[in-house]
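Here's the structure we're looking at; comments come further down.
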2 protein chains.
Amino acid sequence: MKFEAVTIKDIAKALGLSTSTVSRALRDSYEISPATKKQVLEYAAEINYRPNPIALSLKEKRSRSIGVIVCEFANSFFSQIINGIESIAYDKGYNVIISQSHESYEREVIDLNYLASRSIDGLLISVSAETEDLSHIQSLHDRGFPIVFFDRVAETILTHKVIVDNFKGGYDATIHLIDSGFKRIANLAGSPFLSNTKERFDGYLKALEERGVEFDQDLTSHCLHGGMEYEEVENALNKFMHLSSKPDAILATADKVTTNCLRYFKSKNIKVPDDIALLGFSNLDLTDLLSPSLSVVRQPAFEMGQIATELLLQLIESKRPVRDFEKRVLPLQLLARESSIKK
Amino acid sequence: MKFEAVTIKDIAKALGLSTSTVSRALRDSYEISPATKKQVLEYAAEINYRPNPIALSLKEKRSRSIGVIVCEFANSFFSQIINGIESIAYDKGYNVIISQSHESYEREVIDLNYLASRSIDGLLISVSAETEDLSHIQSLHDRGFPIVFFDRVAETILTHKVIVDNFKGGYDATIHLIDSGFKRIANLAGSPFLSNTKERFDGYLKALEERGVEFDQDLTSHCLHGGMEYEEVENALNKFMHLSSKPDAILATADKVTTNCLRYFKSKNIKVPDDIALLGFSNLDLTDLLSPSLSVVRQPAFEMGQIATELLLQLIESKRPVRDFEKRVLPLQLLARESSIKK
DNA sequence: TTGTATGCGTTATCAG
DNA sequence: CTGATAACGCATACAA
């Protein structure tokens, strides 16, 4: 009782034709007589014939599917991106295979090897928070494999990148807090390995400088795993809250950091925004519900997925040389709510 | 500058060997001399050879990957299940290909066809809320393809199923509400096509009966899309709230329904649990944050994914005949909080 | 208009 | 110990 698929050969045998005739009839080739075509198509439909894409891939050296690696698709930001990716890919007849790195470098390497070992035509990747060594991606790129980065990019690898304006995001958020009357703004950031983190931080610094607010090293902390682990956020916030001169606002520059901040405040019974203001990067649908007074920096995730996919398909279909790669920078959206207006 | 993979042939040519020798050396066959082995392995490592899984699949008629179809992986419940699936699958050397139906019957059929034709060795599926006609799955099953259902199962298709004890979940939740002093308990359910829904509802009925609480048809409503669309929930709740005799508690028997209930109450400024009690099915990590006083029915998602995968791999590797299929029923967990204790 | 032969990358089955 | 050949399912150049 094993599952046996029906092949062109079966059709050929049943109809007393050759496999090539059947193949051509199925592809509606002009060289086949209408009568034969009809016969073949009808029989194929009857026995529910489906071409074997594995055989096709082997022959055509392409699978019409693209691989995606993200840290975690339970994360709203990434699931929105994936929806964007799928919207374009399906439209163009490509399938999408998704892997999660769970922010683990090791897992990322495994995923990459599986995907890249030729079952996919190209790769969309947002590197894990842990990833420092990029040689696994670099070597693939060196061999001419189409890769597009999104959100978390590897600056040193020269291919298309789709990112948000992280600098401006950090800058705008900080300016907003300062102009709302906050003076001691702590910066709680994600993984130190990600360029995103650095750029957002630079925006923060620039804003402080521009408004003449003194920078305090004690008001800065990183979360190695991008805030995935609650303890990272807890430790950082504990540090802040025990300073002799506590912060009056927190800028959380990564999605997971933001929700874990809320969790911390809830558990410590610290009220946002009464006891402390919080402005966080987040793409969670539920931020309104979580804390209606939380100001939020939101990223154009769906659009990001779409653009990255378009670029990748261009690479795959070689409508462009790989060399003149692009860096698309999308704007972020600051949704200010009462939280960050000092009374 | 096209991406060209290195094959066994390349190695053979470079080393002046035959492809079969190289193949055997790579697989560490006993018939190959240590010297040749060493030579081949070293060269393979040097040029970073990776076997082409497409060719392997074609030859072996198996891909060592399994397909998964869920409605939405942004949904915590399903992402937890997928983590359970991956934990087992990776362990046993299988890869996992995930598709989302977005609760659309049409999308489910497309996904199914893609996966099945892409030579996955087996399928794990939780049917979409919209799915009524099961013939696409039935025909695959009829042809002997290994399928295991989880969570949302098709009763008529005779294969392994992994579910939770929905009846008991509905029953326990209702009993808890009644025993906490609530009298008019509305039941807001998910898709009417899912057996889950019916079972949870039956549990609700049974509890009412057992405690001698009268059943009121007006206190019952369904969400066709499983609560995915906010409007469905909104309409249902509007109906409830405009009854001459309003409910004093709501039992939300689907994840999305639960969060959309919270959204509704927030938007209408109705306080839980002061104005109305809410007890919901939910696997969201953030339920505590969303509403710390919300009692919750939680499903053992990770475990469910693991069990389903184990059963599927047994089917695939034919350690069991397909006929004596199992129905594994896992217990649900009721996390009661202050919400559902009437003052 | 249809059939035959070949190759995609790999391994298994024969021969040597 | 190693090499040649066939086969997996399909499409296509070439023959007929």
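By convention in this document, the chains of the structure tokens carry letters A, B, ... by their order, each chain's residues are numbered from 1, and ligands are numbered from 1 in the order they are shown.
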Just list the residues in range 72-237 of chain A DSSP gives alpha helix (DSSP H) on the backbone, as a ChimeraX atom specification. /A:76-91,105-116,135-142,166-179,195-210,230-237
Residues just named, written with C-alpha atoms as an mmCIF file, in the first residue's frame:
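And here's selection.cif as it stands now:
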data_model
loop_
_atom_site.group_PDB
_atom_site.id
_atom_site.type_symbol
_atom_site.label_atom_id
_atom_site.label_comp_id
_atom_site.auth_asym_id
_atom_site.auth_seq_id
_atom_site.Cartn_x
_atom_site.Cartn_y
_atom_site.Cartn_z
ATOM 1 C CA SER A 76 4.701 39.546 14.187
ATOM 2 C CA PHE A 77 7.254 41.599 12.390
ATOM 3 C CA PHE A 78 8.603 38.585 10.573
ATOM 4 C CA SER A 79 5.261 36.985 9.952
ATOM 5 C CA GLN A 80 4.144 40.211 8.301
ATOM 6 C CA ILE A 81 7.275 40.168 6.178
ATOM 7 C CA ILE A 82 6.592 36.579 5.190
ATOM 8 C CA ASN A 83 3.103 37.518 4.133
ATOM 9 C CA GLY A 84 4.633 40.182 1.935
ATOM 10 C CA ILE A 85 7.088 37.683 0.506
ATOM 11 C CA GLU A 86 4.376 35.154 -0.244
ATOM 12 C CA SER A 87 2.155 37.745 -1.881
ATOM 13 C CA ILE A 88 4.782 38.448 -4.532
ATOM 14 C CA ALA A 89 6.253 34.986 -4.839
ATOM 15 C CA TYR A 90 2.945 33.186 -5.392
ATOM 16 C CA ASP A 91 1.988 35.817 -7.875
ATOM 17 C CA TYR A 105 23.929 30.845 14.644
ATOM 18 C CA GLU A 106 24.269 27.097 14.485
ATOM 19 C CA ARG A 107 20.659 26.597 13.413
ATOM 20 C CA GLU A 108 21.067 29.297 10.788
ATOM 21 C CA VAL A 109 23.999 27.468 9.243
ATOM 22 C CA ILE A 110 22.037 24.210 9.149
ATOM 23 C CA ASP A 111 19.002 25.891 7.602
ATOM 24 C CA LEU A 112 21.141 27.618 5.059
ATOM 25 C CA ASN A 113 22.855 24.428 4.007
ATOM 26 C CA TYR A 114 19.585 22.610 3.641
ATOM 27 C CA LEU A 115 17.986 25.322 1.604
ATOM 28 C CA ALA A 116 20.979 26.181 -0.489
ATOM 29 C CA SER A 135 31.245 33.058 5.967
ATOM 30 C CA HIS A 136 28.407 30.585 5.395
ATOM 31 C CA ILE A 137 26.465 33.265 3.559
ATOM 32 C CA GLN A 138 29.508 34.815 1.973
ATOM 33 C CA SER A 139 30.634 31.591 0.341
ATOM 34 C CA LEU A 140 27.210 31.019 -1.118
ATOM 35 C CA HIS A 141 27.187 34.540 -2.466
ATOM 36 C CA ASP A 142 30.665 34.094 -3.870
ATOM 37 C CA ASN A 166 16.969 52.656 11.483
ATOM 38 C CA PHE A 167 18.959 55.776 12.123
ATOM 39 C CA LYS A 168 15.938 57.972 11.577
ATOM 40 C CA GLY A 169 13.799 55.624 13.651
ATOM 41 C CA GLY A 170 16.121 55.952 16.627
ATOM 42 C CA TYR A 171 16.476 59.658 16.015
ATOM 43 C CA ASP A 172 12.773 60.443 15.669
ATOM 44 C CA ALA A 173 11.883 58.400 18.701
ATOM 45 C CA THR A 174 14.462 60.116 20.845
ATOM 46 C CA ILE A 175 13.561 63.577 19.609
ATOM 47 C CA HIS A 176 9.941 62.820 20.375
ATOM 48 C CA LEU A 177 10.808 61.816 23.927
ATOM 49 C CA ILE A 178 13.031 64.825 24.525
ATOM 50 C CA ASP A 179 10.490 67.223 23.086
ATOM 51 C CA SER A 195 23.783 46.729 12.195
ATOM 52 C CA ASN A 196 20.189 47.732 12.922
ATOM 53 C CA THR A 197 21.059 48.083 16.542
ATOM 54 C CA LYS A 198 24.012 50.275 15.859
ATOM 55 C CA GLU A 199 22.095 52.526 13.499
ATOM 56 C CA ARG A 200 19.209 53.003 15.882
ATOM 57 C CA PHE A 201 21.670 53.795 18.604
ATOM 58 C CA ASP A 202 23.430 56.327 16.399
ATOM 59 C CA GLY A 203 20.079 58.001 15.805
ATOM 60 C CA TYR A 204 19.585 58.154 19.547
ATOM 61 C CA LEU A 205 23.001 59.731 20.057
ATOM 62 C CA LYS A 206 22.441 62.243 17.300
ATOM 63 C CA ALA A 207 19.125 63.312 18.809
ATOM 64 C CA LEU A 208 20.652 63.749 22.256
ATOM 65 C CA GLU A 209 23.435 65.801 20.799
ATOM 66 C CA GLU A 210 21.126 67.954 18.726
ATOM 67 C CA TYR A 230 13.240 37.682 29.346
ATOM 68 C CA GLU A 231 16.193 37.559 31.725
ATOM 69 C CA GLU A 232 18.306 39.728 29.450
ATOM 70 C CA VAL A 233 15.723 42.464 29.553
ATOM 71 C CA GLU A 234 15.106 41.971 33.240
ATOM 72 C CA ASN A 235 18.771 42.356 34.098
ATOM 73 C CA ALA A 236 19.149 45.448 31.997
ATOM 74 C CA LEU A 237 16.076 47.089 33.480
#
Could the residues of chain C that have an atom at most 9 Å from chain A be listed as CSV, each with its closest atom pair and the distance in Å to one decimal, counting only C-alpha atoms (C1' of nucleotides) and ordered by chain and ascending residue number?
residue,atom,partner,partner_atom,distance
C:DT1,C1',A:Ile32,CA,6.0
C:DT2,C1',A:Thr21,CA,6.5
C:DG3,C1',A:Ser18,CA,6.4
C:DG7,C1',A:Lys59,CA,8.0
C:DC8,C1',A:Lys59,CA,4.4
C:DG9,C1',A:Leu58,CA,7.8
Writer output for current selection, N, CA and C atoms (P, O5', C5', C4', C3', O3' and C1' of nucleotides), as a short mmCIF file (atom, residue, chain, number, x, y, z; two decimals), in the first residue's frame:
data_model
loop_
_atom_site.label_atom_id
_atom_site.label_comp_id
_atom_site.auth_asym_id
_atom_site.auth_seq_id
_atom_site.Cartn_x
_atom_site.Cartn_y
_atom_site.Cartn_z
P DT C 1 0.19 18.24 -37.47
"O5'" DT C 1 0.53 16.96 -36.60
"C5'" DT C 1 -0.18 15.79 -36.85
"C4'" DT C 1 0.73 14.63 -36.64
"C3'" DT C 1 1.00 14.29 -35.16
"O3'" DT C 1 0.27 13.13 -34.86
"C1'" DT C 1 2.97 14.12 -36.52
P DT C 2 0.25 12.51 -33.49
"O5'" DT C 2 1.67 11.81 -33.40
"C5'" DT C 2 1.82 10.49 -33.90
"C4'" DT C 2 3.25 10.08 -33.80
"C3'" DT C 2 3.73 9.73 -32.39
"O3'" DT C 2 3.78 8.32 -32.30
"C1'" DT C 2 5.38 10.85 -33.70
P DG C 3 4.30 7.65 -30.97
"O5'" DG C 3 5.85 7.42 -31.30
"C5'" DG C 3 6.21 6.66 -32.43
"C4'" DG C 3 7.72 6.54 -32.51
"C3'" DG C 3 8.39 6.01 -31.25
"O3'" DG C 3 9.41 5.08 -31.62
"C1'" DG C 3 9.31 8.11 -31.83
P DG C 7 24.47 12.45 -23.33
"O5'" DG C 7 24.00 13.47 -22.20
"C5'" DG C 7 23.40 14.72 -22.53
"C4'" DG C 7 22.62 15.23 -21.33
"C3'" DG C 7 23.29 14.93 -19.98
"O3'" DG C 7 23.41 16.14 -19.24
"C1'" DG C 7 21.03 14.23 -19.96
P DC C 8 24.51 16.25 -18.11
"O5'" DC C 8 23.70 16.87 -16.89
"C5'" DC C 8 22.84 18.00 -17.02
"C4'" DC C 8 21.77 17.92 -15.96
"C3'" DC C 8 22.26 17.28 -14.65
"O3'" DC C 8 22.76 18.30 -13.79
"C1'" DC C 8 20.06 16.51 -15.31
P DG C 9 24.16 18.18 -13.11
"O5'" DG C 9 23.85 17.12 -11.97
"C5'" DG C 9 23.19 17.54 -10.77
"C4'" DG C 9 23.11 16.38 -9.81
"C3'" DG C 9 24.47 15.81 -9.39
"O3'" DG C 9 24.41 15.63 -7.98
"C1'" DG C 9 23.09 14.09 -10.29
#
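Across the structure, CA of Thr309 in chain A and CA of Val127 in chain A are spaced 16.2 Å apart.
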Tell me as JSON, numbers by chain which residues belonging to chain A come within 9 Å of chain B, counting only C-alpha atoms. {"A": [1, 2, 3, 4, 5, 50, 51, 52, 53, 54, 55, 57, 58, 73, 74, 75, 76, 78, 79, 80, 95, 96, 97, 98, 99, 113, 114, 117, 118, 119, 143, 144, 145, 146, 259, 262, 263, 266, 286, 288, 289, 290, 291, 318, 321, 322]}
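Selected on chain D by distance to chain A: DC8, DG9, DC10, DA11, DT12 and DA13 of chain D (within 12 Å, counting only C-alpha atoms (C1' of nucleotides)).
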- Query: Where in range 185-256 of chain A does DSSP assign strand (DSSP E), given as a VMD selection string?
  - Reply: chain A and resid 185 to 189 220 to 222 249 to 252
The distance between CA of Thr156 in chain B and CA of Arg328 in chain B is 15.9 Å
Hey, what's within 12 Å of His160 in chain A if we count only C-alpha atoms (C1' of nucleotides) and toss same-chain stuff fewer than 2 positions away? As a PyMOL selection string, please?
chain A and resi 123-125+141+146-151+153-158+162-163+307-315+320-329
task: Skip Lys246 in chain B itself and residues of its chain fewer than 6 positions away, then list as a VMD selection string all residues within 10 Å of it, counting only C-alpha atoms (C1' of nucleotides).
output: chain B and resid 184 to 186 218 to 219 239 to 240 276
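CA of Ala129 in chain B is positioned 18.6 Å from CA of Asp165 in chain B.
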What's around Phe193 in chain A at 7 Å? Count only C-alpha atoms (C1' of nucleotides), leave out sequence neighbours fewer than 3 positions away in its own chain, and write the answer as a list in words. Ala129, Glu130, Thr131 and Glu132 of chain A
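Take the candidates A:Ser221, A:Ser295, A:Asn187, A:Ser65 and check each one against Pro247 in chain A using only C-alpha atoms; the shortest distance goes to A:Asn187.
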